[in-house]
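Single-structure report; data block below.
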Amino acid sequence: MFRVGMRADAETAISSLMAKGELGFVLAVVATGVQRINERDGYEAGDHALAAFAGRLAGPIGPARRLFRWSATSFIVVSRSLRKIAPGRIDGATMAVFGVWPVDDARGLFDRIDEYVASHLARDQAA
């Protein structure tokens, strides 16, 4: 079984890249439709869907690519390589890549990721 870090771990990993002056990438992935699964089939089914979703994202996790749960239905992959970040198309998900620039403010990046996640969750709930 793969290990999924939590949001605080993700923020630490991103901040560490920035502090070291290293360029990196964050793939934010929102599991759209989990709320419908929860409503239709129950929370246990939704939890199974999220576990399968995380498994699909896990891929070749290692020191250069790490998976974190950002919120209830979103995950991020932090990587130093853009080639290693993309898992390909995942049904029931929306994705965006963010650059981790050493000169940027980490809090600003976290806010942009939060805005992306919130906008897609709101759009999914409105559908």
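Just so we're on the same page: first chain in the structure tokens is A, next is B, and so on; residues restart at 1 for each chain, and ligands are numbered from 1 in the order they show up.
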Report as a Markdown table the residues of segment 20-45 of chain A within 12 Å of segment 115-125 of chain A, each with its shortest atom pair and distance in Å (one decimal), using only C-alpha atoms, ordered by chain and increasing residue number.
| residue | atom | partner | partner_atom | distance |
| --- | --- | --- | --- | --- |
| A:Leu27 | CA | A:Tyr116 | CA | 11.2 |
| A:Ala28 | CA | A:Val117 | CA | 7.7 |
| A:Val29 | CA | A:Val117 | CA | 7.9 |
| A:Val30 | CA | A:Val117 | CA | 6.3 |
| A:Ala31 | CA | A:Leu121 | CA | 8.5 |
| A:Thr32 | CA | A:Asp124 | CA | 6.1 |
| A:Gly33 | CA | A:Asp124 | CA | 6.8 |
| A:Val34 | CA | A:Asp124 | CA | 9.5 |
| A:Gln35 | CA | A:Gln125 | CA | 7.7 |
| A:Arg36 | CA | A:Gln125 | CA | 8.4 |
| A:Ile37 | CA | A:Gln125 | CA | 12.0 |
| A:Glu39 | CA | A:Gln125 | CA | 11.5 |
Can you write just those residues out, N, CA and C atoms, as a CSV table (one decimal), in the first residue's frame?
chain,number,residue,atom,x,y,z
A,27,LEU,N,0.9,19.1,-9.2
A,27,LEU,CA,-0.2,18.7,-9.9
A,27,LEU,C,-1.4,18.6,-8.9
A,28,ALA,N,-2.4,19.5,-9.1
A,28,ALA,CA,-3.5,19.5,-8.2
A,28,ALA,C,-4.6,18.7,-8.9
A,29,VAL,N,-5.2,17.7,-8.2
A,29,VAL,CA,-6.2,16.8,-8.8
A,29,VAL,C,-7.4,16.8,-7.9
A,30,VAL,N,-8.6,17.2,-8.5
A,30,VAL,CA,-9.8,17.2,-7.8
A,30,VAL,C,-10.7,16.0,-8.3
A,31,ALA,N,-11.1,15.2,-7.3
A,31,ALA,CA,-12.0,14.1,-7.7
A,31,ALA,C,-13.4,14.6,-7.8
A,32,THR,N,-13.9,14.9,-9.0
A,32,THR,CA,-15.2,15.4,-9.2
A,32,THR,C,-16.2,14.2,-9.2
A,33,GLY,N,-17.3,14.4,-8.6
A,33,GLY,CA,-18.3,13.3,-8.7
A,33,GLY,C,-18.3,12.5,-7.4
A,34,VAL,N,-17.3,12.6,-6.5
A,34,VAL,CA,-17.4,11.8,-5.3
A,34,VAL,C,-18.6,12.2,-4.4
A,35,GLN,N,-18.9,13.4,-4.4
A,35,GLN,CA,-20.1,13.9,-3.7
A,35,GLN,C,-21.4,13.1,-4.2
A,36,ARG,N,-21.5,13.0,-5.5
A,36,ARG,CA,-22.6,12.2,-6.1
A,36,ARG,C,-22.6,10.8,-5.6
A,37,ILE,N,-21.4,10.2,-5.6
A,37,ILE,CA,-21.3,8.8,-5.2
A,37,ILE,C,-21.7,8.7,-3.7
A,39,GLU,N,-23.8,10.6,-2.1
A,39,GLU,CA,-25.2,10.8,-2.0
A,39,GLU,C,-26.0,9.6,-2.6
Identify, with DSSP run on backbone atoms, the residues in segment 1-114 of chain A assigned to strand (DSSP E), and express the list as a PyMOL selection string. chain A and resi 24-31+65-71+74-79+93-100
I want to know what sits within 10 Å of segment 67-78 of chain A, based on only C-alpha atoms, with residues of the same chain fewer than 6 positions away left out; could you give that as a PyMOL selection string? chain A and resi 2-11+13-14+17+24-35+46-47+50+53-55+57-61+84-87+93-100+110+113-114+117-118+121
Taking N, CA and C atoms for each residue, export the selection above as a compact mmCIF listing (two decimals), in the first residue's frame.
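Output below, filename selection_32.txt:
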# COMPACT_ATOMS: atom_id res chain seq x y z
N PHE A 2 0.48 2.25 -0.71
CA PHE A 2 1.23 3.49 -0.80
C PHE A 2 0.87 4.41 0.37
N ARG A 3 1.77 5.32 0.68
CA ARG A 3 1.55 6.29 1.75
C ARG A 3 1.15 7.61 1.14
N VAL A 4 0.07 8.18 1.66
CA VAL A 4 -0.40 9.49 1.20
C VAL A 4 -0.20 10.47 2.35
N GLY A 5 0.65 11.47 2.13
CA GLY A 5 0.85 12.51 3.14
C GLY A 5 -0.37 13.41 3.21
N MET A 6 -0.45 14.16 4.26
CA MET A 6 -1.57 15.08 4.44
C MET A 6 -1.16 16.50 4.03
N ARG A 7 -2.10 17.42 4.11
CA ARG A 7 -1.87 18.78 3.63
C ARG A 7 -0.67 19.44 4.30
N ALA A 8 -0.54 19.32 5.61
CA ALA A 8 0.59 19.95 6.29
C ALA A 8 1.92 19.41 5.74
N ASP A 9 1.96 18.10 5.43
CA ASP A 9 3.16 17.51 4.84
C ASP A 9 3.42 18.09 3.45
N ALA A 10 2.34 18.32 2.69
CA ALA A 10 2.47 18.89 1.35
C ALA A 10 3.02 20.31 1.43
N GLU A 11 2.48 21.10 2.34
CA GLU A 11 2.96 22.47 2.50
C GLU A 11 4.43 22.49 2.88
N ALA A 13 6.68 20.13 2.14
CA ALA A 13 7.45 19.70 0.97
C ALA A 13 7.62 20.84 -0.04
N ILE A 14 6.54 21.57 -0.28
CA ILE A 14 6.59 22.69 -1.22
C ILE A 14 7.48 23.80 -0.67
N LEU A 17 11.14 22.91 -1.04
CA LEU A 17 11.66 23.14 -2.39
C LEU A 17 12.00 24.61 -2.59
N GLY A 24 10.15 23.28 -8.91
CA GLY A 24 9.33 22.08 -8.78
C GLY A 24 7.97 22.30 -9.41
N PHE A 25 7.15 21.29 -9.32
CA PHE A 25 5.82 21.33 -9.91
C PHE A 25 4.82 20.69 -8.96
N VAL A 26 3.61 21.20 -9.00
CA VAL A 26 2.52 20.64 -8.21
C VAL A 26 1.38 20.31 -9.17
N LEU A 27 0.95 19.08 -9.15
CA LEU A 27 -0.23 18.67 -9.90
C LEU A 27 -1.38 18.60 -8.91
N ALA A 28 -2.36 19.49 -9.06
CA ALA A 28 -3.55 19.49 -8.21
C ALA A 28 -4.62 18.69 -8.93
N VAL A 29 -5.20 17.72 -8.24
CA VAL A 29 -6.20 16.84 -8.84
C VAL A 29 -7.44 16.82 -7.94
N VAL A 30 -8.56 17.17 -8.53
CA VAL A 30 -9.83 17.20 -7.80
C VAL A 30 -10.68 16.04 -8.28
N ALA A 31 -11.12 15.22 -7.34
CA ALA A 31 -12.01 14.09 -7.66
C ALA A 31 -13.43 14.65 -7.76
N THR A 32 -13.85 14.92 -8.96
CA THR A 32 -15.21 15.41 -9.18
C THR A 32 -16.15 14.22 -9.16
N GLY A 33 -17.30 14.39 -8.64
CA GLY A 33 -18.28 13.31 -8.65
C GLY A 33 -18.30 12.46 -7.40
N VAL A 34 -17.35 12.63 -6.49
CA VAL A 34 -17.36 11.82 -5.27
C VAL A 34 -18.58 12.18 -4.42
N GLN A 35 -18.94 13.45 -4.42
CA GLN A 35 -20.13 13.86 -3.67
C GLN A 35 -21.37 13.13 -4.18
N GLY A 46 -18.07 6.15 -1.45
CA GLY A 46 -17.26 7.33 -1.76
C GLY A 46 -15.83 7.17 -1.29
N ASP A 47 -15.67 6.59 -0.11
CA ASP A 47 -14.31 6.35 0.41
C ASP A 47 -13.56 5.35 -0.47
N LEU A 50 -12.43 7.21 -3.54
CA LEU A 50 -11.26 8.05 -3.26
C LEU A 50 -9.99 7.22 -3.12
N PHE A 53 -8.94 6.30 -6.53
CA PHE A 53 -8.45 7.52 -7.15
C PHE A 53 -7.01 7.79 -6.71
N ALA A 54 -6.75 7.72 -5.41
CA ALA A 54 -5.41 7.93 -4.88
C ALA A 54 -4.44 6.88 -5.42
N GLY A 55 -4.91 5.65 -5.53
CA GLY A 55 -4.08 4.59 -6.09
C GLY A 55 -3.67 4.88 -7.51
N LEU A 57 -3.31 7.84 -8.77
CA LEU A 57 -2.36 8.95 -8.71
C LEU A 57 -0.99 8.53 -8.18
N ALA A 58 -0.97 7.51 -7.35
CA ALA A 58 0.26 7.14 -6.66
C ALA A 58 1.41 6.89 -7.61
N GLY A 59 1.17 6.14 -8.68
CA GLY A 59 2.22 5.91 -9.67
C GLY A 59 3.56 5.61 -9.03
N PRO A 60 4.63 6.04 -9.68
CA PRO A 60 5.97 5.78 -9.14
C PRO A 60 6.37 6.83 -8.11
N ILE A 61 5.77 6.75 -6.92
CA ILE A 61 6.09 7.70 -5.86
C ILE A 61 7.50 7.42 -5.35
N LYS A 84 7.55 13.52 -14.71
CA LYS A 84 7.12 12.49 -13.77
C LYS A 84 5.82 12.83 -13.07
N ILE A 85 5.25 13.99 -13.36
CA ILE A 85 4.11 14.45 -12.58
C ILE A 85 2.76 13.99 -13.14
N ALA A 86 2.62 13.91 -14.44
CA ALA A 86 1.31 13.68 -15.04
C ALA A 86 0.94 12.20 -15.07
N PRO A 87 -0.20 11.84 -14.46
CA PRO A 87 -0.63 10.45 -14.47
C PRO A 87 -1.44 10.08 -15.71
N ALA A 93 -12.05 13.31 -12.84
CA ALA A 93 -11.10 14.20 -12.18
C ALA A 93 -10.79 15.39 -13.08
N THR A 94 -10.41 16.46 -12.44
CA THR A 94 -9.90 17.62 -13.15
C THR A 94 -8.53 17.93 -12.56
N MET A 95 -7.60 18.38 -13.40
CA MET A 95 -6.22 18.56 -12.97
C MET A 95 -5.65 19.87 -13.47
N ALA A 96 -4.70 20.40 -12.71
CA ALA A 96 -3.96 21.60 -13.11
C ALA A 96 -2.54 21.49 -12.57
N VAL A 97 -1.58 21.97 -13.34
CA VAL A 97 -0.18 21.99 -12.91
C VAL A 97 0.19 23.40 -12.50
N PHE A 98 0.84 23.51 -11.35
CA PHE A 98 1.33 24.78 -10.83
C PHE A 98 2.85 24.70 -10.73
N GLY A 99 3.53 25.77 -11.10
CA GLY A 99 4.98 25.82 -10.93
C GLY A 99 5.34 26.22 -9.51
N VAL A 100 6.38 25.60 -8.99
CA VAL A 100 6.92 25.97 -7.69
C VAL A 100 8.19 26.76 -7.98
N PHE A 110 -0.25 28.18 -2.16
CA PHE A 110 -1.28 27.41 -1.46
C PHE A 110 -2.66 28.02 -1.71
N ILE A 113 -3.84 27.09 -5.24
CA ILE A 113 -4.31 25.70 -5.27
C ILE A 113 -5.69 25.60 -4.62
N ASP A 114 -5.87 26.25 -3.47
CA ASP A 114 -7.18 26.25 -2.80
C ASP A 114 -8.27 26.83 -3.70
N VAL A 117 -9.14 24.25 -6.41
CA VAL A 117 -9.93 23.15 -5.84
C VAL A 117 -11.36 23.63 -5.56
N ALA A 118 -11.50 24.76 -4.89
CA ALA A 118 -12.82 25.27 -4.53
C ALA A 118 -13.67 25.55 -5.77
N LEU A 121 -14.85 22.18 -7.19
CA LEU A 121 -15.84 21.54 -6.32
C LEU A 121 -17.18 22.26 -6.42
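Atom CA of Arg107 of chain A lies 21.6 Å from atom CA of Ser81 of chain A.
The two atoms in question, atom CA of Arg80 of chain A and atom CA of Ala19 of chain A, are spaced 13.7 Å apart.
Taking atom CA of Arg66 of chain A as the reference point, atom CA of Glu44 of chain A is found at 25.8 Å.
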All residues 8 Å or closer to Gly21 of chain A, only C-alpha atoms, same chain fewer than 2 positions away omitted, as number ranges by chain: A: 17-19, 23, 101-103
Output N, CA, C and O atoms for every residue in the selection just made, as a CSV table (one decimal), in the first residue's frame.
chain,number,residue,atom,x,y,z
A,17,LEU,N,11.1,22.9,-1.0
A,17,LEU,CA,11.7,23.1,-2.4
A,17,LEU,C,12.0,24.6,-2.6
A,17,LEU,O,13.1,24.9,-3.1
A,18,MET,N,11.1,25.5,-2.2
A,18,MET,CA,11.3,26.9,-2.3
A,18,MET,C,12.5,27.4,-1.5
A,18,MET,O,13.3,28.2,-2.0
A,19,ALA,N,12.6,26.9,-0.3
A,19,ALA,CA,13.7,27.3,0.6
A,19,ALA,C,15.1,26.9,0.0
A,19,ALA,O,16.1,27.6,0.2
A,23,LEU,N,13.4,24.4,-8.4
A,23,LEU,CA,12.2,24.5,-9.2
A,23,LEU,C,11.5,23.2,-9.0
A,23,LEU,O,12.0,22.1,-8.8
A,101,TRP,N,8.1,28.1,-7.9
A,101,TRP,CA,9.2,28.9,-8.2
A,101,TRP,C,9.9,29.4,-6.9
A,101,TRP,O,9.2,29.9,-6.0
A,102,PRO,N,11.2,29.3,-6.8
A,102,PRO,CA,11.9,29.6,-5.5
A,102,PRO,C,11.6,31.1,-5.1
A,102,PRO,O,11.7,31.4,-3.9
A,103,VAL,N,11.4,32.0,-6.0
A,103,VAL,CA,11.2,33.4,-5.7
A,103,VAL,C,9.8,33.7,-5.3
A,103,VAL,O,9.5,34.8,-4.8
